[in-house]
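Structure file structure-v4.txt (compact mmCIF, C-alpha atoms) follows.
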# COMPACT_ATOMS: atom_id res chain seq x y z
CA THR A 1 6.52 14.42 -8.57
CA ILE A 2 9.14 17.02 -9.45
CA GLY A 3 9.30 15.67 -13.01
CA VAL A 4 5.56 16.14 -13.39
CA PHE A 5 5.77 19.73 -12.17
CA LEU A 6 8.63 20.40 -14.61
CA GLY A 7 6.53 19.01 -17.44
CA LEU A 8 3.59 21.23 -16.54
CA ALA A 9 5.92 24.24 -16.25
CA ALA A 10 7.31 23.48 -19.72
CA ARG A 11 3.79 23.46 -21.15
CA GLU A 12 3.07 26.80 -19.50
CA ALA A 13 6.31 28.27 -20.92
CA LEU A 14 5.20 27.18 -24.40
CA GLY A 15 1.85 28.90 -23.93
CA LEU A 16 -0.11 25.66 -23.68
CA ARG A 17 -3.00 24.92 -21.35
CA THR A 18 -1.74 23.56 -18.02
CA GLY A 19 -4.68 23.01 -15.67
CA ALA A 20 -4.14 19.55 -14.17
CA LEU A 21 -6.07 16.80 -12.41
CA VAL A 22 -3.90 14.57 -10.20
CA VAL A 23 -5.25 11.16 -9.16
CA CYS A 24 -3.20 9.38 -6.50
CA PRO A 25 -3.72 7.05 -3.53
CA ALA A 26 -5.33 8.91 -0.61
CA ARG A 27 -2.17 8.57 1.45
CA ALA A 28 -0.25 10.56 -1.19
CA ARG A 29 -2.60 13.58 -1.30
CA PRO A 30 -0.76 15.55 1.42
CA GLY A 31 2.59 14.91 -0.27
CA TRP A 32 1.41 16.15 -3.65
CA ALA A 33 -0.14 19.27 -2.10
CA ALA A 34 2.96 20.04 0.00
CA GLN A 35 5.36 19.64 -2.92
CA ALA A 36 3.15 21.73 -5.20
CA ARG A 37 3.36 24.59 -2.69
CA GLU A 38 7.11 24.12 -2.25
CA TYR A 39 8.24 23.77 -5.85
CA THR A 40 5.63 25.62 -7.94
CA MET A 41 3.61 28.82 -8.01
CA GLN A 42 0.39 26.80 -8.09
CA VAL A 43 -2.09 26.61 -5.25
CA PRO A 44 -3.38 23.01 -5.06
CA PHE A 45 -6.87 21.94 -4.09
CA ARG A 46 -7.54 18.51 -2.58
CA LEU A 47 -10.94 17.15 -3.54
CA LEU A 48 -11.69 15.17 -0.40
CA PRO A 49 -14.42 12.63 0.45
CA GLU A 50 -17.70 13.88 1.85
CA GLY A 51 -17.32 15.01 5.46
CA MET A 52 -13.72 16.11 4.98
CA LYS A 53 -12.62 19.58 3.86
CA ASP A 54 -9.42 20.95 2.41
CA GLU A 55 -7.43 22.99 4.90
CA GLU A 56 -7.89 26.02 2.65
CA THR A 57 -11.10 28.03 2.51
CA TRP A 58 -12.71 26.62 -0.64
CA GLU A 59 -16.03 24.91 -0.15
CA SER A 60 -16.13 23.25 -3.55
CA LEU A 61 -14.32 22.70 -6.81
CA ALA A 62 -16.27 25.59 -8.33
CA SER A 63 -15.14 28.07 -5.65
CA TYR A 64 -11.53 26.91 -6.07
CA LEU A 65 -11.71 27.44 -9.84
CA ASP A 66 -13.14 30.93 -9.21
CA TYR A 67 -10.13 31.65 -6.99
CA CYS A 68 -7.67 30.45 -9.67
CA SER A 69 -9.45 32.51 -12.31
CA ALA A 70 -9.39 35.66 -10.17
CA TRP A 71 -5.63 35.36 -9.50
CA GLY A 72 -4.59 34.05 -12.91
CA LEU A 73 -3.44 30.67 -11.55
CA ASN A 74 -3.47 27.30 -13.26
CA PRO A 75 -5.69 24.93 -11.26
CA LEU A 76 -4.15 21.82 -9.74
CA VAL A 77 -6.83 19.50 -8.37
CA ILE A 78 -5.75 16.45 -6.35
CA VAL A 79 -8.19 13.58 -5.74
CA GLY A 80 -7.64 10.27 -3.99
CA ALA A 81 -8.07 7.21 -6.19
CA GLU A 82 -10.24 5.57 -3.52
CA SER A 83 -12.80 8.41 -3.64
CA ALA A 84 -12.50 9.32 -7.35
CA ALA A 85 -15.70 7.43 -8.12
CA ASP A 86 -17.61 9.70 -5.70
CA HIS A 87 -16.49 12.77 -7.66
CA LEU A 88 -16.94 11.48 -11.22
CA ASP A 89 -19.94 13.70 -11.98
CA GLU A 90 -18.20 16.81 -10.64
CA LEU A 91 -14.98 16.06 -12.51
CA GLU A 92 -16.88 15.29 -15.69
CA ALA A 93 -18.60 18.70 -15.45
CA TRP A 94 -15.17 20.34 -15.19
CA ALA A 95 -13.78 18.25 -18.06
CA LYS A 96 -16.69 19.24 -20.31
CA GLY A 97 -16.57 22.94 -19.38
CA ARG A 98 -19.89 22.93 -17.54
CA ILE A 99 -18.87 24.59 -14.26
CA PRO A 100 -20.14 28.20 -14.24
CA ALA A 101 -17.59 30.91 -13.41
CA ALA A 102 -18.42 33.72 -10.97
CA SER A 103 -17.21 36.25 -13.54
CA GLY A 104 -19.52 34.82 -16.21
CA GLY A 105 -19.26 32.01 -18.70
CA TYR A 106 -17.68 28.70 -17.76
CA HIS A 107 -14.33 27.61 -16.38
CA ALA A 108 -11.68 26.24 -18.74
CA THR A 109 -11.25 22.49 -18.83
CA PRO A 110 -8.11 20.75 -17.46
CA ALA A 111 -5.35 19.94 -19.93
CA ALA A 112 -3.33 17.31 -18.07
CA LEU A 113 -4.27 14.09 -16.31
CA VAL A 114 -1.69 12.78 -13.84
CA MET A 115 -2.04 9.36 -12.21
CA ASP A 116 0.49 8.51 -9.52
CA GLU A 117 1.15 4.91 -8.44
CA ILE A 118 -0.52 3.74 -11.65
CA HIS A 119 0.18 0.09 -10.84
CA GLU A 120 -2.14 0.48 -7.85
CA ILE A 121 -4.80 2.65 -9.48
CA ALA A 122 -5.20 0.86 -12.82
CA GLY A 123 -3.34 -2.41 -12.30
CA ASP A 124 -6.42 -4.65 -12.48
CA PRO A 125 -7.22 -5.17 -16.19
CA LYS A 126 -10.69 -6.63 -15.58
CA ARG A 127 -13.23 -3.83 -15.39
CA TRP A 128 -16.45 -5.58 -16.35
CA SER A 129 -18.48 -8.25 -14.60
CA ALA A 130 -21.09 -10.58 -16.04
CA VAL A 131 -24.68 -10.05 -14.84
CA ALA A 132 -27.28 -12.81 -15.25
CA LYS A 133 -30.65 -11.44 -16.40
CA GLN A 134 -34.05 -12.91 -15.55
CA ASP A 135 -34.58 -14.11 -19.12
CA GLY A 136 -31.47 -16.26 -18.87
CA THR A 137 -29.21 -14.02 -20.97
CA ILE A 138 -25.96 -12.46 -19.80
CA ASP A 139 -25.29 -8.73 -19.67
CA TYR A 140 -22.16 -6.86 -18.58
CA ALA A 141 -21.74 -4.00 -16.12
CA LEU A 142 -18.80 -1.99 -14.84
CA LYS A 143 -17.32 -3.57 -11.72
CA ALA A 144 -18.54 -1.94 -8.52
CA THR A 145 -17.86 -2.38 -4.81
CA ALA A 146 -20.32 -4.50 -2.87
CA ARG A 147 -20.51 -2.03 0.03
CA SER A 148 -21.22 1.30 -1.71
CA GLY A 149 -22.17 0.25 -5.22
CA GLN A 150 -19.65 2.76 -6.61
CA VAL A 151 -17.46 1.68 -9.50
CA LYS A 152 -14.06 0.36 -8.48
CA ARG A 153 -11.02 2.63 -8.66
CA THR A 154 -9.60 0.86 -11.72
CA VAL A 155 -12.92 1.58 -13.47
CA ALA A 156 -12.90 5.20 -12.25
CA ALA A 157 -9.37 5.57 -13.67
CA MET A 158 -10.57 4.28 -17.02
CA LEU A 159 -13.54 6.66 -17.08
CA LEU A 160 -11.38 9.66 -16.16
CA SER A 161 -8.85 8.82 -18.87
CA ARG A 162 -11.64 8.94 -21.47
CA PHE A 163 -12.33 12.65 -20.91
CA LYS A 164 -11.50 14.28 -24.24
CA CYS A 165 -10.24 17.53 -22.71
CA PHE A 166 -6.84 16.07 -21.76
CA ASP A 167 -3.99 17.01 -24.09
CA VAL A 168 -1.52 14.96 -22.10
CA ARG A 169 -1.78 11.97 -19.78
CA ILE A 170 1.06 11.26 -17.35
CA THR A 171 1.31 8.14 -15.20
CA THR A 172 4.06 7.38 -12.69
CA THR A 173 5.16 4.51 -10.49
CA ALA A 174 8.33 3.41 -8.76
CA THR A 175 7.01 -0.10 -8.13
CA PRO A 176 7.60 -3.06 -10.45
CA LEU A 177 4.37 -4.38 -11.94
CA GLY A 178 2.94 -7.20 -9.86
CA GLU A 179 3.88 -10.73 -10.94
CA GLY A 180 6.02 -9.40 -13.79
CA LYS A 181 3.30 -10.50 -16.22
CA PRO A 182 2.12 -8.50 -19.27
CA ARG A 183 -1.49 -8.70 -18.08
CA ARG A 184 -0.59 -5.99 -15.57
CA MET A 185 0.41 -3.73 -18.47
CA TYR A 186 -3.06 -3.45 -19.99
CA GLY A 187 -4.59 -1.09 -17.41
CA PRO A 188 -1.73 1.46 -17.31
CA CYS A 189 -1.29 1.37 -21.11
CA ASP A 190 -5.00 1.83 -21.71
CA VAL A 191 -5.11 4.84 -19.37
CA VAL A 192 -2.20 6.56 -21.14
CA TRP A 193 -3.45 5.62 -24.62
CA PRO A 194 -7.23 5.03 -24.34
CA GLY A 195 -8.29 2.29 -26.72
CA GLY A 196 -4.78 2.01 -28.16
CA PHE A 197 -4.53 -1.64 -27.15
CA GLY A 198 -8.06 -2.61 -28.08
CA LEU A 199 -11.49 -1.87 -26.70
CA GLY A 200 -11.30 -4.63 -24.12
CA TYR A 201 -8.89 -6.80 -22.20
CA LYS A 202 -9.73 -10.06 -23.93
CA ALA A 203 -8.02 -9.20 -27.22
CA PHE A 204 -4.95 -7.89 -25.34
CA SER A 205 -4.71 -11.02 -23.19
CA MET A 206 -4.97 -13.38 -26.15
CA HIS A 207 -2.29 -11.55 -28.12
CA TYR A 208 0.21 -10.53 -25.42
CA CYS A 209 -0.55 -12.97 -22.59
CA GLY A 210 -1.05 -16.10 -24.69
CA ALA A 211 -4.44 -16.47 -22.97
CA VAL A 212 -6.39 -19.67 -23.54
CA GLN A 213 -9.80 -20.78 -22.36
CA GLY A 214 -9.66 -22.72 -19.10
CA ASP A 215 -12.24 -24.50 -16.99
CA PHE A 216 -12.94 -21.34 -14.98
CA GLY A 217 -12.36 -18.56 -17.50
CA MET A 218 -9.34 -17.35 -19.44
CA LYS A 219 -5.85 -18.33 -18.30
CA ASP A 220 -3.87 -15.13 -18.85
CA THR A 221 -0.68 -15.69 -16.83
CA GLY A 222 1.58 -16.26 -19.84
CA ALA A 223 3.46 -13.93 -22.18
CA ALA A 224 3.62 -13.61 -25.96
CA HIS A 225 4.86 -11.14 -28.60
CA MET A 226 6.88 -9.30 -25.96
CA ASP A 227 9.17 -7.60 -28.49
CA GLU A 228 6.12 -6.10 -30.16
CA LEU A 229 4.64 -4.93 -26.82
CA ARG A 230 7.98 -3.41 -25.78
CA ALA A 231 8.28 -1.60 -29.13
CA ARG A 232 4.74 -0.17 -28.92
CA ALA A 233 5.21 0.92 -25.31
CA SER A 234 8.49 2.67 -26.15
CA PHE A 235 6.54 5.50 -27.80
CA PHE A 236 4.94 6.59 -24.51
CA MET A 237 6.77 4.86 -21.67
CA HIS A 238 10.08 5.86 -20.08
CA GLU A 239 11.65 3.11 -18.02
CA VAL A 240 14.31 3.93 -15.43
CA PRO A 241 16.49 0.88 -14.72
CA TYR A 242 17.17 -0.18 -11.15
CA SER A 243 20.89 0.61 -11.54
CA GLU A 244 20.05 4.24 -12.33
CA SER A 245 17.23 4.84 -9.86
CA HIS A 246 19.25 3.39 -6.97
CA ALA A 247 22.69 4.65 -8.03
CA ASP A 248 22.98 7.10 -5.12
CA MET A 249 21.25 4.94 -2.53
CA PRO A 250 23.31 3.62 0.39
CA ALA A 251 23.96 -0.08 0.55
CA LEU A 252 21.05 -2.10 1.91
CA ARG A 253 21.67 -3.30 5.43
CA THR A 254 19.64 -5.79 7.41
CA GLU A 255 20.05 -5.87 11.15
CA VAL A 256 18.52 -8.62 13.29
CA VAL A 257 18.02 -7.93 16.99
CA TRP A 258 17.32 -10.81 19.36
CA LEU A 259 15.15 -9.81 22.32
CA SER A 260 15.30 -11.56 25.68
CA GLY A 261 12.23 -12.41 27.71
CA SER A 262 12.66 -9.31 29.86
CA ASP A 263 12.42 -7.08 26.73
CA LEU A 264 9.05 -8.49 25.68
CA ASP A 265 5.53 -7.39 26.62
CA ARG A 266 2.66 -9.68 27.38
CA ALA A 267 0.54 -10.63 24.39
CA ALA A 268 -2.83 -8.92 24.04
CA ARG A 269 -5.67 -10.67 25.87
CA ASP A 270 -7.71 -11.21 22.71
CA ILE A 271 -4.80 -13.06 21.09
CA ASP A 272 -4.22 -15.11 24.25
CA ARG A 273 -7.84 -16.26 24.20
CA GLU A 274 -7.71 -17.09 20.49
CA LEU A 275 -4.44 -18.97 20.95
CA THR A 276 -5.93 -21.11 23.69
CA SER A 277 -9.02 -22.02 21.68
CA ALA A 278 -7.02 -22.63 18.49
CA ALA A 279 -4.60 -24.93 20.31
CA GLN A 280 -7.53 -26.93 21.65
CA ALA A 281 -9.17 -27.20 18.24
CA ALA A 282 -8.96 -30.40 16.21
CA ALA A 283 -5.77 -30.74 14.19
CA GLY A 284 -6.13 -29.93 10.51
CA PHE A 285 -4.82 -27.68 7.78
CA THR A 286 -7.14 -24.76 8.56
CA SER A 287 -6.66 -25.09 12.31
CA SER A 288 -2.85 -25.22 12.19
CA ASP A 289 -2.81 -22.37 9.65
CA HIS A 290 -4.89 -20.23 12.00
CA LEU A 291 -2.71 -21.19 14.95
CA LEU A 292 0.44 -20.12 13.09
CA GLU A 293 -1.12 -16.75 12.25
CA LEU A 294 -2.05 -16.21 15.90
CA GLN A 295 1.45 -17.12 17.07
CA ARG A 296 2.91 -14.55 14.68
CA ALA A 297 0.45 -11.89 15.88
CA ALA A 298 1.31 -12.64 19.51
CA ALA A 299 5.04 -12.41 18.76
CA ALA A 300 4.55 -9.03 17.06
CA VAL A 301 2.52 -7.58 19.92
CA LYS A 302 5.10 -8.64 22.49
CA LYS A 303 7.74 -6.55 20.71
CA LYS A 304 5.61 -3.38 20.73
CA SER A 305 7.40 -1.45 23.50
CA TRP A 306 10.81 -2.15 22.02
CA VAL A 307 9.67 -1.19 18.51
CA LEU A 308 8.08 2.08 19.67
CA GLY A 309 11.25 2.97 21.54
CA GLU A 310 13.31 2.39 18.40
CA VAL A 311 10.91 4.59 16.39
CA LEU A 312 11.37 7.49 18.80
CA GLU A 313 15.14 7.05 18.88
CA GLY A 314 15.28 7.04 15.10
CA LEU A 315 13.14 10.20 14.83
CA ARG A 316 15.22 12.07 17.37
CA GLY A 317 18.31 11.31 15.33
CA ARG A 318 16.81 12.52 12.05
CA GLN A 319 13.31 14.00 11.82
CA ASP A 320 13.23 13.98 8.01
CA ALA A 321 13.63 10.20 7.97
CA LYS A 322 10.82 7.89 6.92
CA ILE A 323 10.16 5.04 9.33
CA VAL A 324 7.78 2.25 8.36
CA VAL A 325 6.35 -0.18 10.91
CA PHE A 326 4.46 -3.28 9.80
CA ALA A 327 1.92 -4.79 12.18
CA ASN A 328 0.30 -8.20 11.94
CA ARG A 329 -3.35 -7.19 12.33
CA HIS A 330 -5.59 -4.32 11.24
CA GLN A 331 -6.58 -3.30 14.76
CA HIS A 332 -2.94 -3.23 15.82
CA VAL A 333 -2.10 -0.81 13.00
CA GLU A 334 -4.49 1.82 14.34
CA LYS A 335 -3.57 1.22 17.98
CA TRP A 336 0.17 1.44 17.36
CA ALA A 337 -0.26 4.60 15.27
CA GLU A 338 -2.22 6.21 18.12
CA GLU A 339 0.47 5.28 20.65
CA ILE A 340 3.27 6.59 18.42
CA GLY A 341 1.34 9.83 17.93
CA ALA A 342 0.84 10.21 21.69
CA MET A 343 4.55 9.63 22.38
CA ILE A 344 5.54 12.17 19.73
CA ALA A 345 3.09 14.74 21.12
CA LYS A 346 4.89 14.60 24.48
CA ASP A 347 8.27 15.38 22.89
CA SER A 348 8.59 19.04 21.85
CA THR A 349 11.58 18.25 19.62
CA LEU A 350 9.38 16.11 17.36
CA SER A 351 6.65 18.66 16.62
CA ALA A 352 7.24 18.46 12.85
CA VAL A 353 6.80 14.68 12.67
CA ARG A 354 3.63 13.35 11.02
CA VAL A 355 2.18 9.90 11.68
CA GLU A 356 0.20 8.11 8.96
CA TRP A 357 -1.27 4.64 8.92
CA GLY A 358 -3.17 2.43 6.52
CA HIS A 359 -4.47 -1.10 6.14
CA GLY A 360 -6.81 -3.17 4.00
CA GLU A 361 -10.05 -1.94 5.56
CA LYS A 362 -9.04 1.75 5.68
CA PRO A 363 -6.62 2.68 2.86
CA ALA A 364 -5.04 5.65 4.64
CA SER A 365 -5.21 7.76 7.74
CA PRO A 366 -6.77 11.22 7.73
CA ASP A 367 -4.37 13.93 6.60

Show me this structure written as structure tokens.
Amino acid sequence: TIGVFLGLAAREALGLRTGALVVCPARARPGWAAQAREYTMQVPFRLLPEGMKDEETWESLASYLDYCSAWGLNPLVIVGAESAADHLDELEAWAKGRIPAASGGYHATPAALVMDEIHEIAGDPKRWSAVAKQDGTIDYALKATARSGQVKRTVAAMLLSRFKCFDVRITTTATPLGEGKPRRMYGPCDVVWPGGFGLGYKAFSMHYCGAVQGDFGMKDTGAAHMDELRARASFFMHEVPYSESHADMPALRTEVVWLSGSDLDRAARDIDRELTSAAQAAAGFTSSDHLLELQRAAAAVKKKSWVLGEVLEGLRGRQDAKIVVFANRHQHVEKWAEEIGAMIAKDSTLSAVRVEWGHGEKPASPD
């Protein structure tokens, strides 16, 4: 984050346009806004989903741009990747200079596109889906979610990267690409260099993934011409090796704590009922698989009181620490987060602590 701000500051010092659009996972929006206020002279604006408002006074992107224009500030707009598709029309209007300014004319277009956690935003290389038409032919459409019909976030990232107003595109991640396969490189590379690796994934996969036609589509899990891919990526990608990024990190320590029966809670009633019915079910792969999952969930729930106590003890020792708790089930994530929040609210020494949660059905908690 600091590196991005330094890059934008360098552009401003050179007299270049510096208005920026930041696309990041929803859970990272507060962090980007807080660090922008702490380390820069910019006033950020979070473009939130419908029904949510930024904590500042702006009602819309247009009113925020009017504010920046009046005070001579470079706009910094932050949007969550999960809701970027909802704001495509509004962002396109800004990118094409179509948002009227209160002082007359139109607002300047953004110069920089920043995508944080690019492996998550644009990691899926497949953006199109086949659509069977009534006449028996096949057409193609951008992939969309079944629930809302909006294009998926990897598609939204592609569409945003195609806006011609951007002089610079910056993507960041501290996470190794999933599977370690070159197929995960196509999305991030195509966002940074639109069309630079071909107009579609198929050509990329055949050349760099050694893709071949299988019984159920292309098999793209291989690798080919890696020296060529590495050489091409070297012109726009900076890789920080593990030895450098973790040079100042303390040694990793794993501590295992064995809990006695008296330290454990009772399992939740819903899990108890499911355990009973699963145990009575006929033996089989699916049944035993489900039973194992339930046993793990029950074991996790029984440790709740001890875990919450450790969380509070850790926060009291150092409030700037980051503590991550993994739960077995979606409903437990929300419930545990509520209980941790309630315990923190009762302790006046922990007033600065913020609780966030996320799971597969809801990507992140409200700010």

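Nearest-residue note for Thr175 in chain A: choosing from A:Glu12, A:Asp215, A:Asp116, A:Glu228, the minimum distance belongs to A:Asp116, counting all atoms listed in the file.
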
Exercise: range 62-66 of chain A partners within 10 Å, all atoms listed in the file, chain neighbours under 4 positions left out, as a count of residues only: 25

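Distances to Ala28 in chain A were evaluated for A:Val155, A:Ala321, A:Val79, A:Leu160 using only C-alpha atoms, and the minimum falls at A:Val79.
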
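With only C-alpha atoms as the atoms that count, the minimum distance from Ser260 in chain A to the choices A:Lys303, A:Leu88, A:Glu38, A:Leu294 is reached by A:Lys303.
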
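Here CA of Val191 in chain A is placed at a distance of 15.2 Å from CA of His238 in chain A.
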
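In terms of minimum interatomic distance to Lys126 in chain A, A:Met218 ranks closest within A:Met218, A:Lys96, A:Gly210, A:Gly196, counting all atoms listed in the file.
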
List every protein, DNA or RNA residue that has at least one atom no more than 12 Å from (-3.2, 3.8, -3.0) in the file's coordinates, counting all atoms listed in the file, and write the result as an MDAnalysis selection string. chainID A and resid 23:29 79:84 115:123 153:154 173 358:360 362:365

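Take CA of Pro182 in chain A and CA of Leu113 in chain A: the distance between them is 23.7 Å.
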
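One finds CA of Trp32 in chain A at 23.7 Å from CA of Glu334 in chain A.
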
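Residue nearest Lys304 in chain A, chosen from A:Lys335, A:Arg354, A:Arg169, A:Arg11 and counting all atoms listed in the file: A:Lys335.
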
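The shortest atom-to-atom distance to Glu356 in chain A, with all atoms listed in the file taken into account, belongs to A:Pro30 out of A:Gly3, A:Pro30, A:Gly180, A:Gly15.
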
Can you find the residues with an atom no farther than 8 Å from (5.3, -11.0, 24.6), counting only C-alpha atoms, and report them as a JSON list (two decimals) with C-alpha atoms, in the coordinates of the input?
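This is the output file point_30.json:
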[["chain", "number", "residue", "atom", "x", "y", "z"],
["A", 261, "GLY", "CA", 12.23, -12.41, 27.71],
["A", 264, "LEU", "CA", 9.05, -8.49, 25.68],
["A", 265, "ASP", "CA", 5.53, -7.39, 26.62],
["A", 266, "ARG", "CA", 2.66, -9.68, 27.38],
["A", 267, "ALA", "CA", 0.54, -10.63, 24.39],
["A", 298, "ALA", "CA", 1.31, -12.64, 19.51],
["A", 299, "ALA", "CA", 5.04, -12.41, 18.76],
["A", 300, "ALA", "CA", 4.55, -9.03, 17.06],
["A", 301, "VAL", "CA", 2.52, -7.58, 19.92],
["A", 302, "LYS", "CA", 5.10, -8.64, 22.49],
["A", 303, "LYS", "CA", 7.74, -6.55, 20.71]]

Can you fill out range 226-250 of chain A with N, CA and C atoms and hand it back as a compact mmCIF listing (two decimals), keeping the file's coordinate frame?
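File part-v3.txt, as written:
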# COMPACT_ATOMS: atom_id res chain seq x y z
N MET A 226 6.36 -10.32 -26.87
CA MET A 226 6.88 -9.30 -25.96
C MET A 226 7.70 -8.24 -26.68
N ASP A 227 8.41 -8.60 -27.74
CA ASP A 227 9.17 -7.60 -28.49
C ASP A 227 8.23 -6.56 -29.10
N GLU A 228 7.10 -7.02 -29.58
CA GLU A 228 6.12 -6.10 -30.16
C GLU A 228 5.54 -5.18 -29.08
N LEU A 229 5.20 -5.74 -27.91
CA LEU A 229 4.64 -4.93 -26.82
C LEU A 229 5.66 -3.91 -26.34
N ARG A 230 6.92 -4.33 -26.23
CA ARG A 230 7.98 -3.41 -25.78
C ARG A 230 8.17 -2.29 -26.81
N ALA A 231 8.11 -2.61 -28.08
CA ALA A 231 8.28 -1.60 -29.13
C ALA A 231 7.12 -0.60 -29.12
N ARG A 232 5.91 -1.08 -28.95
CA ARG A 232 4.74 -0.17 -28.92
C ARG A 232 4.79 0.72 -27.69
N ALA A 233 5.17 0.14 -26.55
CA ALA A 233 5.21 0.92 -25.31
C ALA A 233 6.33 1.95 -25.32
N SER A 234 7.35 1.75 -26.13
CA SER A 234 8.49 2.67 -26.15
C SER A 234 8.11 4.06 -26.61
N PHE A 235 6.97 4.20 -27.30
CA PHE A 235 6.54 5.50 -27.80
C PHE A 235 5.95 6.38 -26.69
N PHE A 236 5.55 5.78 -25.57
CA PHE A 236 4.94 6.59 -24.51
C PHE A 236 5.41 6.22 -23.11
N MET A 237 6.33 5.30 -22.99
CA MET A 237 6.77 4.86 -21.67
C MET A 237 8.27 5.09 -21.52
N HIS A 238 8.66 5.68 -20.40
CA HIS A 238 10.08 5.86 -20.08
C HIS A 238 10.41 4.99 -18.88
N GLU A 239 11.29 4.05 -19.08
CA GLU A 239 11.65 3.11 -18.02
C GLU A 239 13.01 3.48 -17.43
N VAL A 240 13.07 3.63 -16.12
CA VAL A 240 14.31 3.93 -15.43
C VAL A 240 14.84 2.63 -14.83
N PRO A 241 15.98 2.15 -15.25
CA PRO A 241 16.49 0.88 -14.72
C PRO A 241 16.86 1.00 -13.25
N TYR A 242 16.86 -0.13 -12.59
CA TYR A 242 17.17 -0.18 -11.15
C TYR A 242 18.55 0.41 -10.87
N SER A 243 19.52 0.13 -11.75
CA SER A 243 20.89 0.61 -11.54
C SER A 243 20.96 2.13 -11.54
N GLU A 244 20.06 2.78 -12.28
CA GLU A 244 20.05 4.24 -12.33
C GLU A 244 19.26 4.84 -11.17
N SER A 245 18.08 4.28 -10.90
CA SER A 245 17.23 4.84 -9.86
C SER A 245 17.83 4.68 -8.47
N HIS A 246 18.68 3.65 -8.29
CA HIS A 246 19.25 3.39 -6.97
C HIS A 246 20.76 3.66 -6.94
N ALA A 247 21.24 4.43 -7.93
CA ALA A 247 22.69 4.65 -8.03
C ALA A 247 23.25 5.36 -6.81
N ASP A 248 22.49 6.31 -6.25
CA ASP A 248 22.98 7.10 -5.12
C ASP A 248 22.46 6.60 -3.77
N MET A 249 21.78 5.47 -3.78
CA MET A 249 21.25 4.94 -2.53
C MET A 249 22.35 4.25 -1.74
N PRO A 250 22.32 4.35 -0.41
CA PRO A 250 23.31 3.62 0.39
C PRO A 250 23.06 2.13 0.30
